[in-house]
file protein.txt (compact mmCIF, C-alpha atoms)
# COMPACT_ATOMS: atom_id res chain seq x y z
CA MET A 1 112.51 151.84 98.01
CA THR A 2 115.22 150.17 95.97
CA ARG A 3 114.35 147.15 93.87
CA PRO A 4 115.68 144.59 96.39
CA GLN A 5 113.82 146.40 99.18
CA THR A 6 110.58 146.33 97.18
CA PHE A 7 111.08 142.62 96.62
CA PHE A 8 111.82 141.67 100.22
CA ARG A 9 109.40 144.03 101.96
CA ILE A 10 106.43 144.16 99.61
CA ILE A 11 106.42 141.35 97.06
CA LEU A 12 107.84 138.39 98.97
CA PRO A 13 105.54 138.60 102.04
CA GLN A 14 102.49 138.66 99.78
CA VAL A 15 103.76 135.94 97.46
CA TRP A 16 104.64 133.80 100.47
CA ARG A 17 101.11 134.02 101.86
CA LEU A 18 99.54 133.09 98.51
CA ALA A 19 102.04 130.34 97.70
CA LEU A 20 101.96 128.62 101.10
CA PRO A 21 98.94 126.33 100.60
CA GLY A 22 100.38 125.06 97.31
CA LEU A 23 103.83 124.61 98.80
CA GLY A 24 102.40 122.74 101.79
CA ASN A 25 100.56 120.40 99.47
CA LEU A 26 103.68 119.84 97.39
CA PHE A 27 105.66 119.08 100.51
CA GLN A 28 103.17 116.36 101.48
CA VAL A 29 103.34 114.81 98.03
CA LEU A 30 107.13 114.80 98.26
CA LEU A 31 106.95 113.24 101.73
CA LYS A 32 104.89 110.35 100.41
CA ASP A 33 107.03 109.96 97.31
CA THR A 34 110.08 109.31 99.46
CA ALA A 35 108.64 105.79 99.87
CA LEU A 36 109.63 105.21 96.25
CA VAL A 37 113.37 105.30 96.91
CA SER A 38 112.95 101.96 98.71
CA VAL A 39 112.54 100.47 95.23
CA VAL A 40 116.19 101.26 94.48
CA GLY A 41 117.30 100.01 97.88
CA LEU A 42 117.81 103.00 100.18
CA ASP A 43 117.29 102.05 103.83
CA GLU A 44 114.36 104.35 104.60
CA LEU A 45 111.08 103.67 106.40
CA MET A 46 109.48 101.65 103.62
CA ARG A 47 112.57 99.51 103.06
CA GLN A 48 112.83 98.80 106.80
CA ALA A 49 109.18 97.74 106.86
CA TYR A 50 109.88 95.46 103.89
CA VAL A 51 112.88 93.85 105.58
CA ALA A 52 111.09 93.54 108.93
CA SER A 53 107.99 91.98 107.39
CA GLY A 54 110.20 89.54 105.47
CA SER A 55 112.03 88.30 108.56
CA THR A 56 109.05 88.18 110.93
CA LYS A 57 106.45 86.95 108.40
CA GLU A 58 104.11 89.64 109.65
CA PRO A 59 103.80 91.93 106.65
CA PHE A 60 100.44 93.41 107.65
CA THR A 61 101.70 94.54 111.04
CA PHE A 62 104.76 96.27 109.65
CA TYR A 63 103.18 97.89 106.61
CA MET A 64 100.34 99.12 108.80
CA ALA A 65 102.92 100.55 111.22
CA ALA A 66 104.69 102.24 108.31
CA ALA A 67 101.36 103.60 107.07
CA PHE A 68 100.62 105.12 110.47
CA ILE A 69 104.07 106.69 110.67
CA TYR A 70 103.55 108.29 107.25
CA LEU A 71 100.09 109.35 108.38
CA GLY A 72 101.57 111.00 111.48
CA LEU A 73 104.19 112.78 109.39
CA THR A 74 101.66 114.13 106.88
CA ALA A 75 99.36 115.21 109.72
CA LEU A 76 102.29 117.03 111.29
CA ALA A 77 103.09 118.68 107.96
CA THR A 78 99.46 119.77 107.63
CA ILE A 79 99.49 121.35 111.08
CA ALA A 80 102.81 123.09 110.39
CA THR A 81 101.49 124.51 107.11
CA MET A 82 98.34 125.68 108.85
CA LEU A 83 100.36 127.50 111.51
CA MET A 84 102.59 129.08 108.86
CA GLU A 85 99.56 130.14 106.87
CA ARG A 86 98.11 131.80 109.93
CA ALA A 87 101.41 133.54 110.73
CA SER A 88 101.77 134.83 107.18
CA ASN A 89 98.30 136.34 107.10
CA PRO A 90 98.06 139.69 108.88
CA VAL A 91 94.27 139.42 109.19
CA SER A 92 94.44 136.23 111.22
CA ARG A 93 97.09 137.86 113.41
CA GLY A 94 94.56 140.48 114.39
CA ALA A 95 95.25 143.24 111.89
CA ARG A 96 92.16 144.87 110.47
CA ALA A 97 91.41 144.04 106.86
CA MET B 1 129.05 104.01 76.27
CA SER B 2 127.18 103.22 73.13
CA TRP B 3 123.67 104.12 72.24
CA ASP B 4 121.63 101.43 70.57
CA TRP B 5 118.41 102.49 68.88
CA SER B 6 117.74 99.05 67.47
CA VAL B 7 117.09 97.59 70.93
CA ILE B 8 114.09 99.92 71.30
CA LEU B 9 112.70 98.82 67.96
CA LYS B 10 113.32 95.18 68.75
CA TYR B 11 111.50 95.28 72.08
CA LEU B 12 108.78 97.75 71.11
CA PRO B 13 106.11 95.02 70.81
CA ARG B 14 106.84 93.89 74.38
CA LEU B 15 106.73 97.48 75.62
CA LEU B 16 103.37 97.94 73.91
CA GLU B 17 102.16 94.78 75.65
CA GLY B 18 103.10 96.43 78.94
CA THR B 19 101.41 99.64 77.83
CA TRP B 20 98.20 97.70 77.31
CA LEU B 21 98.31 96.37 80.89
CA THR B 22 99.01 99.88 82.21
CA LEU B 23 95.99 101.26 80.34
CA GLU B 24 93.88 98.36 81.54
CA LEU B 25 94.83 99.04 85.18
CA VAL B 26 94.11 102.75 84.83
CA ALA B 27 90.78 102.22 83.05
CA ILE B 28 89.40 99.56 85.41
CA SER B 29 90.54 101.20 88.65
CA GLY B 30 89.53 104.63 87.36
CA LEU B 31 86.01 103.32 86.77
CA ILE B 32 85.75 101.57 90.14
CA GLY B 33 87.36 104.60 91.79
CA ILE B 34 84.78 107.05 90.48
CA ILE B 35 81.92 104.72 91.50
CA LEU B 36 83.31 104.62 95.06
CA ALA B 37 84.11 108.33 95.06
CA LEU B 38 80.56 109.55 94.39
CA PRO B 39 78.92 108.26 97.60
CA LEU B 40 82.05 109.20 99.57
CA ALA B 41 81.89 112.78 98.30
CA LEU B 42 78.15 113.03 98.99
CA MET B 43 78.68 111.72 102.52
CA ARG B 44 81.58 114.13 102.94
CA VAL B 45 79.33 117.16 102.38
CA SER B 46 76.58 115.86 104.67
CA ALA B 47 75.37 118.12 107.46
CA SER B 48 75.65 115.36 110.06
CA PRO B 49 79.10 114.90 111.61
CA TRP B 50 78.42 111.15 112.03
CA VAL B 51 77.93 110.68 108.30
CA ARG B 52 81.00 112.82 107.56
CA ALA B 53 83.27 110.83 109.89
CA PHE B 54 83.72 107.75 107.71
CA PRO B 55 84.64 109.49 104.43
CA PHE B 56 86.88 111.85 106.39
CA ALA B 57 88.84 108.97 107.94
CA TYR B 58 88.97 107.10 104.62
CA ILE B 59 90.25 110.11 102.69
CA PHE B 60 92.70 111.02 105.47
CA PHE B 61 94.21 107.53 105.41
CA PHE B 62 94.49 107.15 101.63
CA ARG B 63 95.75 110.67 101.03
CA GLY B 64 98.13 110.58 103.99
CA THR B 65 99.98 107.37 103.16
CA PRO B 66 102.07 106.56 100.09
CA LEU B 67 100.44 104.49 97.35
CA LEU B 68 103.32 102.03 97.62
CA VAL B 69 102.41 101.29 101.26
CA GLN B 70 98.81 100.71 100.25
CA ILE B 71 99.79 98.30 97.49
CA PHE B 72 102.13 96.34 99.78
CA LEU B 73 99.55 96.34 102.56
CA ILE B 74 97.05 94.60 100.29
CA TYR B 75 99.42 92.35 98.34
CA TYR B 76 101.79 91.22 101.11
CA GLY B 77 99.69 92.16 104.15
CA ALA B 78 96.67 90.01 103.31
CA SER B 79 98.74 86.81 103.49
CA GLN B 80 99.41 87.33 107.20
CA PHE B 81 95.92 86.16 108.16
CA GLU B 82 95.06 82.49 107.94
CA ALA B 83 91.37 83.38 107.84
CA VAL B 84 91.90 85.35 104.63
CA LYS B 85 93.96 82.56 103.11
CA GLN B 86 91.20 80.02 103.78
CA SER B 87 88.38 82.19 102.44
CA VAL B 88 87.23 82.73 98.87
CA LEU B 89 88.79 86.20 99.07
CA TRP B 90 92.17 84.56 98.62
CA ASN B 91 91.37 83.80 94.97
CA VAL B 92 91.42 87.54 94.41
CA LEU B 93 94.04 88.66 96.94
CA SER B 94 96.67 86.14 95.87
CA GLN B 95 96.78 87.67 92.40
CA PRO B 96 98.95 90.75 91.98
CA TYR B 97 96.66 91.99 89.20
CA TRP B 98 93.61 92.24 91.45
CA CYS B 99 95.65 93.59 94.37
CA ALA B 100 96.87 96.41 92.13
CA ILE B 101 93.32 97.13 90.96
CA ILE B 102 92.01 97.19 94.55
CA ALA B 103 94.81 99.48 95.75
CA PHE B 104 94.54 101.89 92.81
CA SER B 105 90.74 102.01 92.98
CA MET B 106 90.68 102.76 96.69
CA ASN B 107 93.46 105.33 96.33
CA THR B 108 91.92 107.18 93.42
CA ALA B 109 88.50 107.02 95.12
CA ALA B 110 89.90 109.02 98.03
CA TYR B 111 91.48 111.68 95.81
CA SER B 112 88.47 111.90 93.49
CA ALA B 113 86.05 112.13 96.41
CA GLU B 114 87.98 115.14 97.68
CA LEU B 115 87.87 116.72 94.20
CA ILE B 116 84.12 116.09 93.89
CA ARG B 117 83.56 117.53 97.37
CA GLY B 118 85.38 120.69 96.28
CA ALA B 119 83.24 120.86 93.15
CA ILE B 120 79.99 120.36 95.08
CA GLN B 121 80.94 123.14 97.46
CA ALA B 122 81.85 125.40 94.52
CA ILE B 123 78.31 125.25 93.11
CA PRO B 124 76.78 128.71 93.48
CA ARG B 125 74.49 128.71 96.52
CA GLY B 126 71.69 130.35 94.57
CA GLU B 127 71.31 127.35 92.27
CA ILE B 128 70.66 125.01 95.19
CA GLU B 129 68.28 127.55 96.71
CA ALA B 130 66.46 127.80 93.38
CA ALA B 131 66.07 124.01 93.32
CA GLU B 132 64.73 124.12 96.87
CA ALA B 133 62.34 126.93 95.98
CA LEU B 134 60.98 124.79 93.15
CA GLY B 135 60.15 122.12 95.74
CA MET B 136 62.69 119.52 94.62
CA SER B 137 63.36 116.78 97.13
CA LYS B 138 66.98 116.27 98.29
CA PRO B 139 67.66 113.22 96.07
CA LEU B 140 66.13 115.01 93.08
CA GLN B 141 68.30 118.07 93.78
CA VAL B 142 71.38 115.87 93.88
CA ARG B 143 70.44 114.10 90.67
CA ARG B 144 69.35 117.09 88.61
CA ILE B 145 71.37 120.00 89.98
CA VAL B 146 74.27 119.04 92.23
CA LEU B 147 75.84 116.17 90.30
CA PRO B 148 75.56 117.60 86.76
CA ARG B 149 76.96 120.93 87.98
CA ALA B 150 79.73 119.31 90.02
CA PHE B 151 80.62 117.15 87.01
CA GLY B 152 81.37 120.21 84.88
CA ILE B 153 83.37 121.87 87.63
CA VAL B 154 85.40 118.77 88.52
CA LEU B 155 86.37 117.86 84.96
CA PRO B 156 89.72 119.70 84.62
CA ALA B 157 90.86 118.56 88.08
CA TYR B 158 89.81 115.00 87.37
CA GLY B 159 91.90 114.95 84.20
CA ASN B 160 94.85 115.84 86.40
CA GLU B 161 93.99 113.02 88.82
CA LEU B 162 93.80 110.53 85.92
CA ILE B 163 97.31 111.51 84.81
CA LEU B 164 98.61 111.12 88.38
CA MET B 165 97.02 107.68 88.44
CA LEU B 166 98.64 106.76 85.13
CA LYS B 167 102.03 107.58 86.61
CA GLY B 168 101.14 105.87 89.89
CA SER B 169 100.26 102.72 87.99
CA SER B 170 103.99 102.21 87.39
CA LEU B 171 104.09 101.00 91.02
CA ALA B 172 102.26 97.86 89.87
CA SER B 173 105.70 96.72 88.69
CA THR B 174 106.79 96.39 92.34
CA ILE B 175 104.35 93.52 92.85
CA THR B 176 105.61 91.57 89.84
CA LEU B 177 103.08 92.88 87.31
CA LEU B 178 104.43 93.40 83.81
CA ASP B 179 102.95 96.80 83.12
CA LEU B 180 104.92 99.32 81.05
CA THR B 181 107.49 99.87 83.82
CA GLY B 182 107.62 96.20 84.79
CA MET B 183 108.09 95.19 81.17
CA ALA B 184 110.85 97.78 80.76
CA ARG B 185 112.63 96.39 83.82
CA THR B 186 112.33 92.83 82.50
CA ILE B 187 113.74 93.83 79.12
CA ILE B 188 116.60 95.71 80.78
CA ALA B 189 117.49 92.67 82.88
CA ARG B 190 117.99 90.80 79.62
CA THR B 191 119.62 93.42 77.38
CA TYR B 192 121.30 95.65 79.94
CA THR B 193 120.31 98.84 78.10
CA PRO B 194 118.51 100.82 80.82
CA LEU B 195 118.85 104.22 79.15
CA GLU B 196 117.30 103.25 75.84
CA ILE B 197 114.44 101.19 77.26
CA PHE B 198 113.52 103.59 80.07
CA LEU B 199 113.63 106.45 77.54
CA ALA B 200 111.22 104.54 75.32
CA ALA B 201 108.95 103.78 78.30
CA GLY B 202 109.09 107.46 79.33
CA VAL B 203 108.09 108.57 75.84
CA ILE B 204 105.16 106.14 75.86
CA TYR B 205 103.95 107.49 79.24
CA LEU B 206 104.32 111.01 77.83
CA LEU B 207 102.25 110.15 74.78
CA ILE B 208 99.49 108.58 76.88
CA SER B 209 99.25 111.57 79.21
CA GLY B 210 99.31 113.86 76.17
CA ALA B 211 96.35 111.93 74.79
CA PHE B 212 94.54 112.18 78.15
CA ILE B 213 95.08 115.95 78.24
CA GLY B 214 93.76 116.29 74.69
CA CYS B 215 90.67 114.20 75.47
CA PHE B 216 89.87 116.21 78.57
CA ARG B 217 90.31 119.53 76.70
CA LEU B 218 87.77 118.34 74.14
CA LEU B 219 85.39 117.04 76.78
CA GLU B 220 85.68 120.26 78.73
CA SER B 221 85.09 122.57 75.78
CA ARG B 222 82.04 120.46 74.96
CA LEU B 223 80.54 120.14 78.46
CA ASN B 224 81.41 123.59 79.76
CA ARG B 225 80.69 125.40 76.51
CA TYR B 226 78.26 127.77 78.22
CA GLN B 227 81.35 129.38 79.79
CA TYR B 228 82.89 130.14 76.42
CA TYR B 229 79.64 131.13 74.71
CA ARG B 230 79.59 134.78 73.73
CA HIS B 231 76.37 136.28 74.82
CA GLN B 232 74.57 138.34 72.16
CA VAL B 233 72.39 141.16 73.37
CA PRO B 234 69.50 141.95 71.00
CA ALA B 235 69.96 145.28 69.18
CA GLU B 236 66.68 146.75 70.48
CA LEU B 237 67.88 146.43 74.06
CA THR B 238 71.21 148.18 73.47
CA LYS B 239 69.28 151.00 71.80
CA ILE B 240 67.35 151.51 75.02
CA ASP B 241 70.44 151.35 77.22
CA PRO B 242 73.96 150.97 75.75
CA ARG B 243 75.25 149.65 79.08
CA LEU B 244 73.42 146.36 78.43
CA GLN B 245 76.10 145.56 75.85
CA ASP B 246 78.30 143.91 78.47

call {"tool": "encode", "arguments": {"input": "protein.txt", "output": "structure tokens"}}
result
Amino acid sequence: MTRPQTFFRIILPQVWRLALPGLGNLFQVLLKDTALVSVVGLDELMRQAYVASGSTKEPFTFYMAAAFIYLGLTALATIATMLMERASNPVSRGARA
Amino acid sequence: MSWDWSVILKYLPRLLEGTWLTLELVAISGLIGIILALPLALMRVSASPWVRAFPFAYIFFFRGTPLLVQIFLIYYGASQFEAVKQSVLWNVLSQPYWCAIIAFSMNTAAYSAELIRGAIQAIPRGEIEAAEALGMSKPLQVRRIVLPRAFGIVLPAYGNELILMLKGSSLASTITLLDLTGMARTIIARTYTPLEIFLAAGVIYLLISGAFIGCFRLLESRLNRYQYYRHQVPAELTKIDPRLQD
């Protein structure tokens, strides 16, 4: 095999399987850190919750709603990572170890 | 654009004031967090699914939502309920300082509990079995074997968690607290030198986390020294069988 072939056929599939749990974790951290951009005024979920709770005087309701949306997103990310981990592992696909 | 070093020097005392509040927040909530984390972690490894359910839900919520949401939920959210406002709780919940401490403690408790759970499960099975064979009761096992062992295993990961908490504490500035970040923002509003002041604040955070890392290295080399101890095989034994050298 040529060097690029070795990389794409042998190294990358193995690296991918080993790196996936870490990458999934990192993705979740990033997902939660997006809440921070509301501090500089971007109109994302957290900012909307802030505005909505300011105009309705029901901060608990809206922050709780935001919390549950984030929770749903992280749960979804966890499930997606789990599926990808399973797909990247030949043993869990039925190959014999 | 001009770069002004003197503004850093001039406002350094105020920045250090903010640094003190940051350290205070980290220290107090770190302490409360670890006290909450221990029972959570022990419940989390319980054999009964009913006991495991609460810590699982708690950890899922606090690890699955941003820290900023948690802080706002406590600081702004509590005021929505008249019952809370009338009760003695309001003395605590109306102060941003205590709201920050509550949010950080509960957040770090969730992360630490998960770390401690990992450490408990990483204890070699044989050591628990040995404790059982010696007739130790469950609480005695936990006190003498499980917790001391888990403590050594969790140490490096906990140092990491403490640094994450230090950086997370900058969110206290969003609820009007004058911690290092809050103080930096206040100074910038007056002097309009964001680059210089944020650079100074960044360097201070860097120095604190450097100090944390150093402390944990020391602590680890002291508490886990058995791992680094070079085992000496008596000469008579290697004479009998040279393979014993390893």

call {"tool": "interface_residues", "arguments": {"input": "protein.txt", "of": "chain B", "to": "chain A", "cutoff": "7 Å", "atoms": "all atoms listed in the file", "output": "ChimeraX atom specification"}}
result
/B:61,64-66,68-69,73,76-78,80

call {"tool": "write_last_selection", "arguments": {"input": "protein.txt", "atoms": "C-alpha atoms", "output": "PDB file, in the coordinates of the input"}}
result
ATOM      1  CA  PHE B  61      94.210 107.530 105.410  1.00  0.00           C
ATOM      2  CA  GLY B  64      98.130 110.580 103.990  1.00  0.00           C
ATOM      3  CA  THR B  65      99.980 107.370 103.160  1.00  0.00           C
ATOM      4  CA  PRO B  66     102.070 106.560 100.090  1.00  0.00           C
ATOM      5  CA  LEU B  68     103.320 102.030  97.620  1.00  0.00           C
ATOM      6  CA  VAL B  69     102.410 101.290 101.260  1.00  0.00           C
ATOM      7  CA  LEU B  73      99.550  96.340 102.560  1.00  0.00           C
ATOM      8  CA  TYR B  76     101.790  91.220 101.110  1.00  0.00           C
ATOM      9  CA  GLY B  77      99.690  92.160 104.150  1.00  0.00           C
ATOM     10  CA  ALA B  78      96.670  90.010 103.310  1.00  0.00           C
ATOM     11  CA  GLN B  80      99.410  87.330 107.200  1.00  0.00           C
TER      12      GLN B  80
END

call {"tool": "residues_around", "arguments": {"input": "protein.txt", "residues": "B:Arg52", "least_positions_apart": "6", "cutoff": "12 Å", "atoms": "only C-alpha atoms", "output": "PyMOL selection string"}}
result
chain B and resi 39-46+58-59+117

call {"tool": "atom_distance", "arguments": {"input": "protein.txt", "atom1": "atom CA of A:Leu45", "atom2": "atom CA of B:Ala53"}}
result
28.9 Å

call {"tool": "residues_near_point", "arguments": {"input": "protein.txt", "point": "(106.3, 91.3, 92.4)", "cutoff": "10 Å", "atoms": "all atoms listed in the file", "output": "PyMOL selection string"}}
result
chain B and resi 72+75-76+96+172-178+182

call {"tool": "atom_distance", "arguments": {"input": "protein.txt", "atom1": "atom CA of B:Ile213", "atom2": "atom CA of B:Leu166"}}
result
12.0 Å

call {"tool": "atom_distance", "arguments": {"input": "protein.txt", "atom1": "atom CA of B:Glu196", "atom2": "atom CA of B:Gly159"}}
result
29.2 Å

call {"tool": "residues_near_point", "arguments": {"input": "protein.txt", "point": "(96.9, 135.2, 101.3)", "cutoff": "10 Å", "atoms": "only C-alpha atoms", "output": "list in words"}}
result
Pro13, Gln14, Val15, Trp16, Arg17, Leu18, Ala19, Leu20, Pro21, Glu85, Arg86, Ser88, Asn89, Pro90 and Val91 of chain A

call {"tool": "write_last_selection", "arguments": {"input": "protein.txt", "atoms": "C-alpha atoms", "output": "PDB file, in the frame of the given file"}}
result
ATOM      1  CA  PRO A  13     105.540 138.600 102.040  1.00  0.00           C
ATOM      2  CA  GLN A  14     102.490 138.660  99.780  1.00  0.00           C
ATOM      3  CA  VAL A  15     103.760 135.940  97.460  1.00  0.00           C
ATOM      4  CA  TRP A  16     104.640 133.800 100.470  1.00  0.00           C
ATOM      5  CA  ARG A  17     101.110 134.020 101.860  1.00  0.00           C
ATOM      6  CA  LEU A  18      99.540 133.090  98.510  1.00  0.00           C
ATOM      7  CA  ALA A  19     102.040 130.340  97.700  1.00  0.00           C
ATOM      8  CA  LEU A  20     101.960 128.620 101.100  1.00  0.00           C
ATOM      9  CA  PRO A  21      98.940 126.330 100.600  1.00  0.00           C
ATOM     10  CA  GLU A  85      99.560 130.140 106.870  1.00  0.00           C
ATOM     11  CA  ARG A  86      98.110 131.800 109.930  1.00  0.00           C
ATOM     12  CA  SER A  88     101.770 134.830 107.180  1.00  0.00           C
ATOM     13  CA  ASN A  89      98.300 136.340 107.100  1.00  0.00           C
ATOM     14  CA  PRO A  90      98.060 139.690 108.880  1.00  0.00           C
ATOM     15  CA  VAL A  91      94.270 139.420 109.190  1.00  0.00           C
TER      16      VAL A  91
END

call {"tool": "closest_residue", "arguments": {"input": "protein.txt", "among": "B:Ala47, B:Ala130, B:Ile120, B:Ile28", "to": "B:Tyr97", "atoms": "only C-alpha atoms"}}
result
B:Ile28

call {"tool": "residues_around", "arguments": {"input": "protein.txt", "residues": "B:Ala150", "least_positions_apart": "2", "cutoff": "9 Å", "atoms": "only C-alpha atoms", "output": "PyMOL selection string"}}
result
chain B and resi 116-123+145-148+152-155

call {"tool": "decode", "arguments": {"input": "protein.txt", "residues": "stretch 37-56 of chain A", "atoms": "C-alpha atoms", "output": "PDB file, in the first residue's frame"}}
result
ATOM      1  CA  VAL A  37     -21.939  33.634  23.570  1.00  0.00           C
ATOM      2  CA  SER A  38     -25.156  35.065  25.017  1.00  0.00           C
ATOM      3  CA  VAL A  39     -22.885  37.142  27.258  1.00  0.00           C
ATOM      4  CA  VAL A  40     -21.691  39.089  24.212  1.00  0.00           C
ATOM      5  CA  GLY A  41     -25.218  39.388  22.844  1.00  0.00           C
ATOM      6  CA  LEU A  42     -25.719  36.750  20.147  1.00  0.00           C
ATOM      7  CA  ASP A  43     -29.381  35.750  19.849  1.00  0.00           C
ATOM      8  CA  GLU A  44     -29.048  32.071  20.739  1.00  0.00           C
ATOM      9  CA  LEU A  45     -31.082  29.888  23.090  1.00  0.00           C
ATOM     10  CA  MET A  46     -29.731  31.363  26.306  1.00  0.00           C
ATOM     11  CA  ARG A  47     -30.169  34.957  25.143  1.00  0.00           C
ATOM     12  CA  GLN A  48     -33.755  34.230  24.070  1.00  0.00           C
ATOM     13  CA  ALA A  49     -34.482  32.736  27.490  1.00  0.00           C
ATOM     14  CA  TYR A  50     -32.998  35.853  29.083  1.00  0.00           C
ATOM     15  CA  VAL A  51     -35.135  38.187  26.974  1.00  0.00           C
ATOM     16  CA  ALA A  52     -38.272  36.088  27.449  1.00  0.00           C
ATOM     17  CA  SER A  53     -37.837  35.862  31.212  1.00  0.00           C
ATOM     18  CA  GLY A  54     -37.275  39.626  31.340  1.00  0.00           C
ATOM     19  CA  SER A  55     -40.489  40.475  29.517  1.00  0.00           C
ATOM     20  CA  THR A  56     -42.740  37.869  31.152  1.00  0.00           C
TER      21      THR A  56
END
